Amino acid sequence: MFSTELDSELGNKYGYFSQDGREFIITDPRTPRPWFNYIWNGRYAGLISHTGGGFSFLDSPRDNRLTRMRYNCLPWDRPGRYVLVKDVASGEYWSLSWAPTIDRPYDLYECHHGQGYTRIITEINQIRGEITYFVPTDNDAEVWRVRLTNLSDRPRQLEIYSFTELLMGNALNDLINQPNDKHFTDIHFDQTKQALIATRRYWVLNKKVSVAQPNIDWQYRLYFTQTLPVKGFDGSLDTFIGRWRSEANPESVETGVMHNTEITAGDPIVALQSELELAAGNTKDFAVILGVTPKSEPIEPLNDLGLIDQKFTQLTDRWDQYLSQVQIDTPDPKFNLMLNVWNQYQAAVTFDMARNAGYYHGGLLFGTGMRDQFQDILGVVMVEPQRVRSRLLNALQYQFADGSTLHNFFKLTGTGEKTNHSDTPLWVPFGIVEYLKETGDFSILAETVPYHDAGAGTVYEHLIMALDYVASQLSDRGMPKIMNGDWNDTLDHIGTQGKGETIWGAFFWGYILKISLELIEAQGDRENLNRFQTIYQKLGQTVNELCWDGDWYVRAFRDNGAVIGSDDHQQGKIFLNAQSWAVISGLAPKERADRALAACHKYLAKPNGMQIVYPAYRQIDDSIGLISRCVPGKKENGAIFNHASSWFVLAALLNDQVELGWEIYQRMMPLNSAQNIDRYEVEPYVYAEYLTSPEHPTDGQASHSWLTGTAVWMLRVGIGHIIGFRTGLDGIYIDPHVPADWPGFRARRSFRGKVLDLTVHNPKHKNSGVKTMLINGQLIEGNFIDPGDYAESQLAIEVELG
Ligand code: IFM
């Protein structure tokens, strides 16, 4: 029970899941795209591909990038964290991560992507290599832990070349001004530490050009070392690689001659050479370490192999513990695999990486989105509520005293942009209420947090200010103005004159009012209760009077009052979000909810999920915005947009259309939507933001994997609504919504200090409805649990649907 043991092999022609579901094992490196994983702790982070590619950063992928990734280039996954092994007798050399020496005759290649680590195993020239990349939980460093085995019956004289290209500082500046930026690099070899020490004498931290830059040092030093005696080194990319060569054939590796270059100015690399003898059949272990230390502190390289192995155990223990807190066992192995491992893991990644540090989000532009951050708590809050608490308190600093917010922020510089997206301020109450529902920690409401411009307020005041701000921006008819866009960033020109209205936004506003009202009532705040109740009721009347198109709700009104999203239109007739949130907000009467969802089913349901709008815009319409500039069937212009699809699933479940909701949920799970993997292309173990729809010739091609709100919402819908652990301010409701053919299931989760161990029986094959509920053998009325009512730390909950 509660182990995700897979009965059959789940996967595709490039790889498969390990039996316990904890690893995705790639067996053919020629995947359609690089398939990534993350190695990170709260500060030091890297993305790593199945060939050792990707980049690392400390705190901020734009402002404090440590290693390089080359954008817009072929090969598309360079450079990386490479260890090349050379057989001195034959002169042959190869990489332990396949790339960059991809033309060698490898006998075995396996990449095991696990939680917080990636292990690549190769066999070639009778040498088995295992390289495990990870970031310890408590060191600002990454470790490449290597094990080499001589599979031959003769002794082998090997040379080891470890290297990675450095950036050290502002990654955007590195792209646009690298010839100048290289005047500030400085790398030397420290004999005592047996390490290359690298730094930069100038840090373009933020802001604009030249004189606007602060005149400061990059405040760190990098060290690069290995647990083998160092024979040679190089700090210069030019001399290590050599002229007209690449990482695939560095001159120093070919000749065996390292130049021992220490640079002051120049393109930086850290490259080390060591010798290793391997007797027949023997194995040797070593590690390569890239670490970062503030200049104000001494460099203490992490270079003890025993300690490194302890750090790896700490990391795997951490993930065992993390994942053990929410576990399910249902008749659907793919659902179990996603919820027990990969969906939780992806949600943890989005919590730390936002829409920022990824292969498809290059970490140069956007920082952390306020909207994204307040949604991304939904996964981690179940397991690490303390981290969410401090994250919320930190993010609230980016709210202004009038309740508006920055749209995004850069945590190292404390700056960001105010874009006037209409929805952004409302994600603040969303996040606070979700945190409270999970934790019951009402003490957070009394914490004081400064506003971004002036003054400070309690968390409760921040929440009320967000509501007040949106209330102050309503149109004459009482609906939110769309301003420069809403959740759909590409509806950015509908309301440029300040009049256009968003109808998805109206329903979202309704939902936020609804959940905030529960809190306001619980706080006994009568004045705000009356005020916002009146607004909520009026909003319900207005949207139903003005926004119903006949079979669905319209999406928006332009500045001149013209409708967007109507049956009368040739393009953009029906938008998904306006229908799903009509239901989620509770503002659609049942008959309209049924019809709106039926219309979604008719026009938008596709084999891989839900299309976000139909038909896609085929003619560019500047008065709508970027949506019509995206090619039809991609991104917001009519793709299968997973984030929005997850809201449709939620709406279907809330509207008691469980089979429909489950059907779409299943279509969306990557193992299902990625069945045609050469078309799908991206990682089949995590959700992608979108897939092209049948309106595009590449129907079924996915993109923007990993960093998408889909992760937390699929987890929330799965755990909260399908399994039915539905949290409330006062406790938790057990409210499963399952396919009727499930005879039952088991699930377990921690909640407010208790372990809830749920067994559901479904003898009558119902979709929902708790007929009886026993807690620790006692029959109780209803389906609500206040964990505070029980002395036991473990609650055995037995439910029969009926
Ligand atoms: O809502 C946005 C999200 O913040 C980033 N990805 C695209 C979504 C839809 O436009």
# chains A, B, ... in the order shown; residues from 1 in each chain; ligands from 1

call {"tool": "closest_atom_pairs", "arguments": {"of": "chain A", "to": "ligand 1", "cutoff": "8 Å", "atoms": "only C-alpha atoms and all ligand atoms", "output": "CSV"}}
result
residue,atom,partner,partner_atom_place_in_ligand_line,distance
A:Arg355,CA,ligand 1,5 (C),6.8
A:Gly369,CA,ligand 1,4 (O),6.7
A:Arg371,CA,ligand 1,4 (O),6.2
A:Asp372,CA,ligand 1,4 (O),5.5
A:Asp486,CA,ligand 1,1 (O),7.5
A:Trp487,CA,ligand 1,1 (O),4.2
A:Asn488,CA,ligand 1,10 (O),3.7
A:Asp489,CA,ligand 1,10 (O),4.0
A:Thr490,CA,ligand 1,10 (O),6.0
A:Glu636,CA,ligand 1,10 (O),6.3
A:His643,CA,ligand 1,8 (C),7.8
A:Glu689,CA,ligand 1,6 (N),7.5
A:Thr708,CA,ligand 1,6 (N),6.7
A:Gly709,CA,ligand 1,3 (C),7.3

call {"tool": "write_last_selection", "arguments": {"atoms": "all heavy atoms", "output": "compact mmCIF listing (two decimals), in the first residue's frame"}}
result
# COMPACT_ATOMS: atom_id res chain seq x y z
N ARG A 355 8.25 31.12 -13.37
CA ARG A 355 8.29 30.93 -14.84
C ARG A 355 9.58 31.52 -15.33
O ARG A 355 9.63 32.30 -16.27
CB ARG A 355 7.11 31.63 -15.53
CG ARG A 355 5.76 31.33 -15.00
CD ARG A 355 5.35 29.87 -15.20
NE ARG A 355 4.16 29.61 -14.42
CZ ARG A 355 4.18 29.24 -13.14
NH1 ARG A 355 5.33 29.05 -12.49
NH2 ARG A 355 3.05 29.05 -12.50
N GLY A 369 6.84 36.03 -11.27
CA GLY A 369 5.53 36.65 -11.48
C GLY A 369 4.73 36.60 -10.18
O GLY A 369 4.69 35.58 -9.52
N ARG A 371 1.50 36.77 -9.92
CA ARG A 371 0.37 35.88 -10.19
C ARG A 371 0.81 34.42 -10.07
O ARG A 371 0.13 33.59 -9.47
CB ARG A 371 -0.11 36.20 -11.61
CG ARG A 371 -1.01 35.18 -12.20
CD ARG A 371 -0.91 35.23 -13.72
NE ARG A 371 -1.44 36.44 -14.28
CZ ARG A 371 -1.07 36.91 -15.48
NH1 ARG A 371 -0.18 36.30 -16.22
NH2 ARG A 371 -1.60 38.01 -15.95
N ASP A 372 1.97 34.15 -10.63
CA ASP A 372 2.45 32.76 -10.63
C ASP A 372 2.82 32.33 -9.22
O ASP A 372 2.48 31.25 -8.77
CB ASP A 372 3.64 32.62 -11.58
CG ASP A 372 3.29 33.12 -12.97
OD1 ASP A 372 2.20 32.80 -13.45
OD2 ASP A 372 4.11 33.84 -13.56
N ASP A 486 -5.30 40.18 -18.71
CA ASP A 486 -5.64 39.50 -17.46
C ASP A 486 -4.82 38.22 -17.39
O ASP A 486 -3.70 38.21 -17.92
CB ASP A 486 -7.16 39.27 -17.34
CG ASP A 486 -7.75 38.45 -18.48
OD1 ASP A 486 -7.01 37.68 -19.14
OD2 ASP A 486 -8.97 38.56 -18.71
N TRP A 487 -5.34 37.14 -16.80
CA TRP A 487 -4.52 35.91 -16.76
C TRP A 487 -3.98 35.60 -18.15
O TRP A 487 -2.85 35.14 -18.31
CB TRP A 487 -5.34 34.74 -16.22
CG TRP A 487 -4.59 33.45 -16.33
CD1 TRP A 487 -3.70 32.95 -15.41
CD2 TRP A 487 -4.60 32.53 -17.42
NE1 TRP A 487 -3.17 31.76 -15.87
CE2 TRP A 487 -3.70 31.48 -17.11
CE3 TRP A 487 -5.28 32.49 -18.64
CZ2 TRP A 487 -3.48 30.40 -17.96
CZ3 TRP A 487 -5.05 31.41 -19.48
CH2 TRP A 487 -4.15 30.38 -19.14
N ASN A 488 -4.83 35.82 -19.15
CA ASN A 488 -4.39 35.63 -20.53
C ASN A 488 -3.61 36.87 -20.95
O ASN A 488 -4.17 37.88 -21.36
CB ASN A 488 -5.60 35.41 -21.44
CG ASN A 488 -5.18 35.00 -22.83
OD1 ASN A 488 -4.13 35.42 -23.32
ND2 ASN A 488 -5.99 34.19 -23.46
N ASP A 489 -2.28 36.74 -20.85
CA ASP A 489 -1.41 37.89 -21.11
C ASP A 489 -1.57 38.45 -22.51
O ASP A 489 -1.19 39.59 -22.77
CB ASP A 489 0.07 37.46 -20.96
CG ASP A 489 0.41 37.11 -19.54
OD1 ASP A 489 -0.03 37.80 -18.63
OD2 ASP A 489 1.15 36.11 -19.35
N THR A 490 -2.09 37.65 -23.41
CA THR A 490 -2.10 38.06 -24.81
C THR A 490 -3.39 38.79 -25.19
O THR A 490 -3.54 39.21 -26.33
CB THR A 490 -1.91 36.85 -25.74
OG1 THR A 490 -3.01 35.96 -25.55
CG2 THR A 490 -0.61 36.13 -25.43
N GLU A 636 -1.48 30.95 -26.52
CA GLU A 636 -2.83 31.39 -26.14
C GLU A 636 -3.79 31.45 -27.32
O GLU A 636 -4.99 31.57 -27.14
CB GLU A 636 -2.76 32.78 -25.47
CG GLU A 636 -2.24 32.76 -24.04
CD GLU A 636 -0.75 32.97 -23.94
OE1 GLU A 636 -0.03 32.72 -24.94
OE2 GLU A 636 -0.26 33.39 -22.87
N HIS A 643 -2.83 24.67 -18.38
CA HIS A 643 -3.20 25.40 -17.16
C HIS A 643 -4.71 25.68 -17.18
O HIS A 643 -5.44 25.41 -16.21
CB HIS A 643 -2.39 26.70 -17.14
CG HIS A 643 -2.43 27.47 -15.86
ND1 HIS A 643 -1.58 28.50 -15.61
CD2 HIS A 643 -3.23 27.40 -14.78
CE1 HIS A 643 -1.83 29.04 -14.42
NE2 HIS A 643 -2.85 28.38 -13.90
N GLU A 689 3.27 23.49 -20.58
CA GLU A 689 2.27 24.56 -20.55
C GLU A 689 1.21 24.34 -21.62
O GLU A 689 0.03 24.51 -21.39
CB GLU A 689 2.93 25.92 -20.76
CG GLU A 689 1.96 27.08 -20.64
CD GLU A 689 2.54 28.38 -21.15
OE1 GLU A 689 3.04 28.43 -22.29
OE2 GLU A 689 2.51 29.37 -20.39
N THR A 708 4.99 25.70 -15.34
CA THR A 708 3.62 26.06 -15.71
C THR A 708 2.72 25.88 -14.49
O THR A 708 2.91 24.95 -13.70
CB THR A 708 3.12 25.20 -16.88
OG1 THR A 708 1.68 25.23 -16.90
CG2 THR A 708 3.55 23.74 -16.79
N GLY A 709 1.73 26.75 -14.39
CA GLY A 709 0.75 26.63 -13.31
C GLY A 709 -0.05 25.34 -13.39
O GLY A 709 -0.73 24.96 -12.43

call {"tool": "select_by_dssp", "arguments": {"residues": "range 241-306 of chain A", "states": "strand (DSSP E)", "output": "list in words"}}
result
Ile263, Thr264, Pro268, Ile269, Val270, Ala271, Leu272, Gln273, Ser274, Glu275, Leu276, Glu277, Leu278, Thr283, Lys284, Asp285, Phe286, Ala287, Val288, Ile289, Leu290, Gly291, Val292, Thr293 and Pro294 of chain A

call {"tool": "write_last_selection", "arguments": {"atoms": "N, CA and C atoms", "output": "PDB file, in the first residue's frame"}}
result
ATOM      1  N   ILE A 263      43.587  33.594 -15.848  1.00  0.00           N
ATOM      2  CA  ILE A 263      43.206  34.761 -16.654  1.00  0.00           C
ATOM      3  C   ILE A 263      42.878  35.970 -15.805  1.00  0.00           C
ATOM      4  N   THR A 264      43.252  37.126 -16.334  1.00  0.00           N
ATOM      5  CA  THR A 264      42.644  38.370 -15.899  1.00  0.00           C
ATOM      6  C   THR A 264      42.137  38.935 -17.203  1.00  0.00           C
ATOM      7  N   PRO A 268      35.782  32.890 -19.649  1.00  0.00           N
ATOM      8  CA  PRO A 268      36.155  32.014 -18.539  1.00  0.00           C
ATOM      9  C   PRO A 268      35.642  30.587 -18.666  1.00  0.00           C
ATOM     10  N   ILE A 269      36.543  29.678 -18.341  1.00  0.00           N
ATOM     11  CA  ILE A 269      36.152  28.287 -18.203  1.00  0.00           C
ATOM     12  C   ILE A 269      36.873  27.794 -16.953  1.00  0.00           C
ATOM     13  N   VAL A 270      36.347  26.755 -16.332  1.00  0.00           N
ATOM     14  CA  VAL A 270      37.167  26.076 -15.324  1.00  0.00           C
ATOM     15  C   VAL A 270      37.368  24.661 -15.829  1.00  0.00           C
ATOM     16  N   ALA A 271      38.617  24.284 -16.020  1.00  0.00           N
ATOM     17  CA  ALA A 271      38.930  22.955 -16.560  1.00  0.00           C
ATOM     18  C   ALA A 271      40.065  22.357 -15.735  1.00  0.00           C
ATOM     19  N   LEU A 272      39.879  21.126 -15.314  1.00  0.00           N
ATOM     20  CA  LEU A 272      40.907  20.441 -14.516  1.00  0.00           C
ATOM     21  C   LEU A 272      41.261  19.118 -15.176  1.00  0.00           C
ATOM     22  N   GLN A 273      42.545  18.768 -15.044  1.00  0.00           N
ATOM     23  CA  GLN A 273      43.024  17.487 -15.586  1.00  0.00           C
ATOM     24  C   GLN A 273      43.589  16.652 -14.445  1.00  0.00           C
ATOM     25  N   SER A 274      43.229  15.371 -14.437  1.00  0.00           N
ATOM     26  CA  SER A 274      43.789  14.448 -13.434  1.00  0.00           C
ATOM     27  C   SER A 274      44.113  13.129 -14.109  1.00  0.00           C
ATOM     28  N   GLU A 275      44.926  12.337 -13.393  1.00  0.00           N
ATOM     29  CA  GLU A 275      45.236  10.996 -13.923  1.00  0.00           C
ATOM     30  C   GLU A 275      44.587   9.955 -13.026  1.00  0.00           C
ATOM     31  N   LEU A 276      44.248   8.840 -13.636  1.00  0.00           N
ATOM     32  CA  LEU A 276      43.601   7.781 -12.854  1.00  0.00           C
ATOM     33  C   LEU A 276      43.994   6.430 -13.424  1.00  0.00           C
ATOM     34  N   GLU A 277      44.486   5.579 -12.548  1.00  0.00           N
ATOM     35  CA  GLU A 277      44.787   4.215 -13.000  1.00  0.00           C
ATOM     36  C   GLU A 277      43.710   3.288 -12.510  1.00  0.00           C
ATOM     37  N   LEU A 278      43.255   2.433 -13.408  1.00  0.00           N
ATOM     38  CA  LEU A 278      42.216   1.480 -13.007  1.00  0.00           C
ATOM     39  C   LEU A 278      42.705   0.076 -13.347  1.00  0.00           C
ATOM     40  N   THR A 283      37.115  -0.455  -9.568  1.00  0.00           N
ATOM     41  CA  THR A 283      36.243   0.729  -9.569  1.00  0.00           C
ATOM     42  C   THR A 283      36.916   1.835  -8.770  1.00  0.00           C
ATOM     43  N   LYS A 284      36.828   3.057  -9.239  1.00  0.00           N
ATOM     44  CA  LYS A 284      37.311   4.189  -8.431  1.00  0.00           C
ATOM     45  C   LYS A 284      36.262   5.295  -8.431  1.00  0.00           C
ATOM     46  N   ASP A 285      36.178   5.978  -7.302  1.00  0.00           N
ATOM     47  CA  ASP A 285      35.206   7.053  -7.121  1.00  0.00           C
ATOM     48  C   ASP A 285      35.932   8.382  -6.971  1.00  0.00           C
ATOM     49  N   PHE A 286      35.351   9.406  -7.490  1.00  0.00           N
ATOM     50  CA  PHE A 286      35.820  10.761  -7.198  1.00  0.00           C
ATOM     51  C   PHE A 286      34.674  11.736  -7.432  1.00  0.00           C
ATOM     52  N   ALA A 287      34.882  12.975  -7.060  1.00  0.00           N
ATOM     53  CA  ALA A 287      33.837  13.972  -7.271  1.00  0.00           C
ATOM     54  C   ALA A 287      34.450  15.250  -7.804  1.00  0.00           C
ATOM     55  N   VAL A 288      33.660  15.953  -8.583  1.00  0.00           N
ATOM     56  CA  VAL A 288      34.017  17.277  -9.083  1.00  0.00           C
ATOM     57  C   VAL A 288      33.044  18.241  -8.416  1.00  0.00           C
ATOM     58  N   ILE A 289      33.548  19.364  -7.931  1.00  0.00           N
ATOM     59  CA  ILE A 289      32.675  20.270  -7.181  1.00  0.00           C
ATOM     60  C   ILE A 289      32.829  21.678  -7.718  1.00  0.00           C
ATOM     61  N   LEU A 290      31.689  22.317  -7.990  1.00  0.00           N
ATOM     62  CA  LEU A 290      31.663  23.736  -8.326  1.00  0.00           C
ATOM     63  C   LEU A 290      30.888  24.419  -7.207  1.00  0.00           C
ATOM     64  N   GLY A 291      31.553  25.304  -6.488  1.00  0.00           N
ATOM     65  CA  GLY A 291      30.884  25.937  -5.348  1.00  0.00           C
ATOM     66  C   GLY A 291      31.032  27.440  -5.405  1.00  0.00           C
ATOM     67  N   VAL A 292      30.229  28.138  -4.649  1.00  0.00           N
ATOM     68  CA  VAL A 292      30.279  29.595  -4.645  1.00  0.00           C
ATOM     69  C   VAL A 292      30.299  30.091  -3.206  1.00  0.00           C
ATOM     70  N   THR A 293      31.132  31.101  -2.966  1.00  0.00           N
ATOM     71  CA  THR A 293      31.302  31.643  -1.615  1.00  0.00           C
ATOM     72  C   THR A 293      31.322  33.160  -1.702  1.00  0.00           C
ATOM     73  N   PRO A 294      30.655  33.860  -0.786  1.00  0.00           N
ATOM     74  CA  PRO A 294      30.767  35.324  -0.787  1.00  0.00           C
ATOM     75  C   PRO A 294      32.224  35.736  -0.597  1.00  0.00           C
TER      76      PRO A 294
END

call {"tool": "closest_atom_pairs", "arguments": {"of": "range 445-505 of chain A", "to": "range 581-600 of chain A", "cutoff": "9 Å", "atoms": "only C-alpha atoms", "output": "Markdown table"}}
result
| residue | atom | partner | partner_atom | distance |
| --- | --- | --- | --- | --- |
| A:Ile503 | CA | A:Ala582 | CA | 9.0 |
| A:Trp504 | CA | A:Trp581 | CA | 6.6 |
| A:Gly505 | CA | A:Trp581 | CA | 8.8 |

call {"tool": "residues_around", "arguments": {"residues": "range 449-453 of chain A", "least_positions_apart": "6", "cutoff": "9 Å", "atoms": "only C-alpha atoms", "output": "PyMOL selection string"}}
result
chain A and resi 393-394+396-403+405-406+459+462

call {"tool": "write_last_selection", "arguments": {"atoms": "N, CA, C and O atoms", "output": "PDB file, in the first residue's frame"}}
result
ATOM      1  N   LEU A 393       5.026  36.176   2.888  1.00  0.00           N
ATOM      2  CA  LEU A 393       5.399  37.439   3.544  1.00  0.00           C
ATOM      3  C   LEU A 393       6.385  38.214   2.679  1.00  0.00           C
ATOM      4  O   LEU A 393       6.310  39.438   2.566  1.00  0.00           O
ATOM      5  N   ASN A 394       7.274  37.497   2.033  1.00  0.00           N
ATOM      6  CA  ASN A 394       8.235  38.158   1.152  1.00  0.00           C
ATOM      7  C   ASN A 394       7.534  38.778  -0.064  1.00  0.00           C
ATOM      8  O   ASN A 394       7.761  39.941  -0.409  1.00  0.00           O
ATOM      9  N   LEU A 396       4.543  39.778  -0.430  1.00  0.00           N
ATOM     10  CA  LEU A 396       3.637  40.900  -0.135  1.00  0.00           C
ATOM     11  C   LEU A 396       4.340  42.255  -0.177  1.00  0.00           C
ATOM     12  O   LEU A 396       3.688  43.291  -0.321  1.00  0.00           O
ATOM     13  N   GLN A 397       5.676  42.247  -0.066  1.00  0.00           N
ATOM     14  CA  GLN A 397       6.408  43.517  -0.189  1.00  0.00           C
ATOM     15  C   GLN A 397       6.247  44.157  -1.548  1.00  0.00           C
ATOM     16  O   GLN A 397       6.618  45.297  -1.751  1.00  0.00           O
ATOM     17  N   TYR A 398       5.786  43.379  -2.520  1.00  0.00           N
ATOM     18  CA  TYR A 398       5.668  43.917  -3.874  1.00  0.00           C
ATOM     19  C   TYR A 398       4.260  44.424  -4.160  1.00  0.00           C
ATOM     20  O   TYR A 398       3.882  44.650  -5.292  1.00  0.00           O
ATOM     21  N   GLN A 399       3.489  44.567  -3.087  1.00  0.00           N
ATOM     22  CA  GLN A 399       2.168  45.188  -3.212  1.00  0.00           C
ATOM     23  C   GLN A 399       2.296  46.655  -2.799  1.00  0.00           C
ATOM     24  O   GLN A 399       2.996  46.978  -1.834  1.00  0.00           O
ATOM     25  N   PHE A 400       1.603  47.535  -3.520  1.00  0.00           N
ATOM     26  CA  PHE A 400       1.631  48.960  -3.191  1.00  0.00           C
ATOM     27  C   PHE A 400       0.560  49.274  -2.135  1.00  0.00           C
ATOM     28  O   PHE A 400      -0.374  48.485  -1.931  1.00  0.00           O
ATOM     29  N   ALA A 401       0.682  50.457  -1.544  1.00  0.00           N
ATOM     30  CA  ALA A 401      -0.242  50.833  -0.463  1.00  0.00           C
ATOM     31  C   ALA A 401      -1.686  50.945  -0.954  1.00  0.00           C
ATOM     32  O   ALA A 401      -2.619  50.819  -0.172  1.00  0.00           O
ATOM     33  N   ASP A 402      -1.880  51.176  -2.265  1.00  0.00           N
ATOM     34  CA  ASP A 402      -3.272  51.251  -2.751  1.00  0.00           C
ATOM     35  C   ASP A 402      -3.834  49.868  -3.093  1.00  0.00           C
ATOM     36  O   ASP A 402      -4.958  49.750  -3.564  1.00  0.00           O
ATOM     37  N   GLY A 403      -3.042  48.814  -2.885  1.00  0.00           N
ATOM     38  CA  GLY A 403      -3.529  47.452  -3.131  1.00  0.00           C
ATOM     39  C   GLY A 403      -3.132  46.896  -4.488  1.00  0.00           C
ATOM     40  O   GLY A 403      -3.286  45.702  -4.740  1.00  0.00           O
ATOM     41  N   THR A 405      -0.246  45.879  -7.394  1.00  0.00           N
ATOM     42  CA  THR A 405       1.020  45.155  -7.181  1.00  0.00           C
ATOM     43  C   THR A 405       1.941  45.332  -8.379  1.00  0.00           C
ATOM     44  O   THR A 405       1.491  45.653  -9.474  1.00  0.00           O
ATOM     45  N   LEU A 406       3.218  45.056  -8.137  1.00  0.00           N
ATOM     46  CA  LEU A 406       4.095  44.805  -9.276  1.00  0.00           C
ATOM     47  C   LEU A 406       3.579  43.536  -9.941  1.00  0.00           C
ATOM     48  O   LEU A 406       2.972  42.691  -9.283  1.00  0.00           O
ATOM     49  N   VAL A 459      -0.988  41.515   7.211  1.00  0.00           N
ATOM     50  CA  VAL A 459      -1.325  40.651   6.075  1.00  0.00           C
ATOM     51  C   VAL A 459      -2.814  40.772   5.770  1.00  0.00           C
ATOM     52  O   VAL A 459      -3.225  40.845   4.604  1.00  0.00           O
ATOM     53  N   HIS A 462      -3.275  43.863   3.853  1.00  0.00           N
ATOM     54  CA  HIS A 462      -2.830  43.673   2.458  1.00  0.00           C
ATOM     55  C   HIS A 462      -3.950  43.011   1.648  1.00  0.00           C
ATOM     56  O   HIS A 462      -4.209  43.394   0.512  1.00  0.00           O
TER      57      HIS A 462
END

call {"tool": "residues_around", "arguments": {"residues": "Ala605 in chain A", "least_positions_apart": "2", "cutoff": "12 Å", "atoms": "only C-alpha atoms", "output": "ChimeraX atom specification"}}
result
/A:574-576,597-603,607-614,638-642,644-645,648-649,660-661,663-665,667-668,693-694

call {"tool": "residues_around", "arguments": {"residues": "Gly440 in chain A", "least_positions_apart": "4", "cutoff": "10 Å", "atoms": "only C-alpha atoms", "output": "PDB file with N, CA and C atoms, in the first residue's frame"}}
result
ATOM      1  N   VAL A 433      -5.592  33.037   1.388  1.00  0.00           N
ATOM      2  CA  VAL A 433      -6.696  32.166   1.807  1.00  0.00           C
ATOM      3  C   VAL A 433      -6.305  30.693   1.648  1.00  0.00           C
ATOM      4  N   GLU A 434      -5.610  30.374   0.573  1.00  0.00           N
ATOM      5  CA  GLU A 434      -5.186  28.977   0.391  1.00  0.00           C
ATOM      6  C   GLU A 434      -4.246  28.544   1.511  1.00  0.00           C
ATOM      7  N   TYR A 435      -3.350  29.438   1.883  1.00  0.00           N
ATOM      8  CA  TYR A 435      -2.431  29.114   2.979  1.00  0.00           C
ATOM      9  C   TYR A 435      -3.220  28.857   4.271  1.00  0.00           C
ATOM     10  N   LEU A 436      -4.201  29.711   4.528  1.00  0.00           N
ATOM     11  CA  LEU A 436      -4.993  29.553   5.760  1.00  0.00           C
ATOM     12  C   LEU A 436      -5.804  28.266   5.727  1.00  0.00           C
ATOM     13  N   ILE A 444      -0.742  34.483  10.842  1.00  0.00           N
ATOM     14  CA  ILE A 444      -0.082  35.206   9.742  1.00  0.00           C
ATOM     15  C   ILE A 444      -0.807  36.517   9.437  1.00  0.00           C
ATOM     16  N   THR A 727      -9.823  21.264   1.467  1.00  0.00           N
ATOM     17  CA  THR A 727      -9.516  22.038   2.675  1.00  0.00           C
ATOM     18  C   THR A 727     -10.473  23.222   2.820  1.00  0.00           C
ATOM     19  N   GLY A 728     -10.719  23.603   4.063  1.00  0.00           N
ATOM     20  CA  GLY A 728     -11.542  24.784   4.363  1.00  0.00           C
ATOM     21  C   GLY A 728     -10.876  25.562   5.472  1.00  0.00           C
ATOM     22  N   LEU A 729     -11.380  26.763   5.736  1.00  0.00           N
ATOM     23  CA  LEU A 729     -10.753  27.574   6.785  1.00  0.00           C
ATOM     24  C   LEU A 729     -10.797  26.871   8.137  1.00  0.00           C
ATOM     25  N   ASP A 730     -11.878  26.110   8.341  1.00  0.00           N
ATOM     26  CA  ASP A 730     -12.076  25.514   9.667  1.00  0.00           C
ATOM     27  C   ASP A 730     -11.597  24.067   9.754  1.00  0.00           C
ATOM     28  N   GLY A 731     -11.239  23.459   8.648  1.00  0.00           N
ATOM     29  CA  GLY A 731     -10.816  22.055   8.693  1.00  0.00           C
ATOM     30  C   GLY A 731     -10.827  21.461   7.293  1.00  0.00           C
ATOM     31  N   PHE A 751      -2.217  16.672   7.518  1.00  0.00           N
ATOM     32  CA  PHE A 751      -3.033  17.893   7.557  1.00  0.00           C
ATOM     33  C   PHE A 751      -3.034  18.443   8.972  1.00  0.00           C
ATOM     34  N   ARG A 752      -2.516  19.628   9.120  1.00  0.00           N
ATOM     35  CA  ARG A 752      -2.471  20.331  10.411  1.00  0.00           C
ATOM     36  C   ARG A 752      -1.998  19.416  11.539  1.00  0.00           C
TER      37      ARG A 752
END

call {"tool": "residues_around", "arguments": {"residues": "Trp144 in chain A", "least_positions_apart": "6", "cutoff": "12 Å", "atoms": "only C-alpha atoms", "output": "MDAnalysis selection string"}}
result
chainID A and resid 39 48 52 80:83 96:97 117:120 129:136 162:164 224:227 285:291 302:303 305 308:309 312

call {"tool": "atom_distance", "arguments": {"atom1": "CA of Trp552 in chain A", "atom2": "CA of Lys573 in chain A"}}
result
9.7 Å

call {"tool": "residues_around", "arguments": {"residues": "range 170-177 of chain A", "least_positions_apart": "3", "cutoff": "10 Å", "atoms": "only C-alpha atoms", "output": "list in words"}}
result
Phe57, Ser60, Pro61, Arg62, Asp63, Asn64, Arg65, Leu66, Thr67, Arg68, Met69, Arg70, Tyr71, Leu167, Asn180, Asp181, Lys182, Tyr202, Trp203, Val204, Leu205, Asn206, Val209, Trp218, Gly362, Gly363, Leu364 and Leu365 of chain A

call {"tool": "atom_distance", "arguments": {"atom1": "CA of Leu222 in chain A", "atom2": "CA of Arg147 in chain A"}}
result
24.3 Å
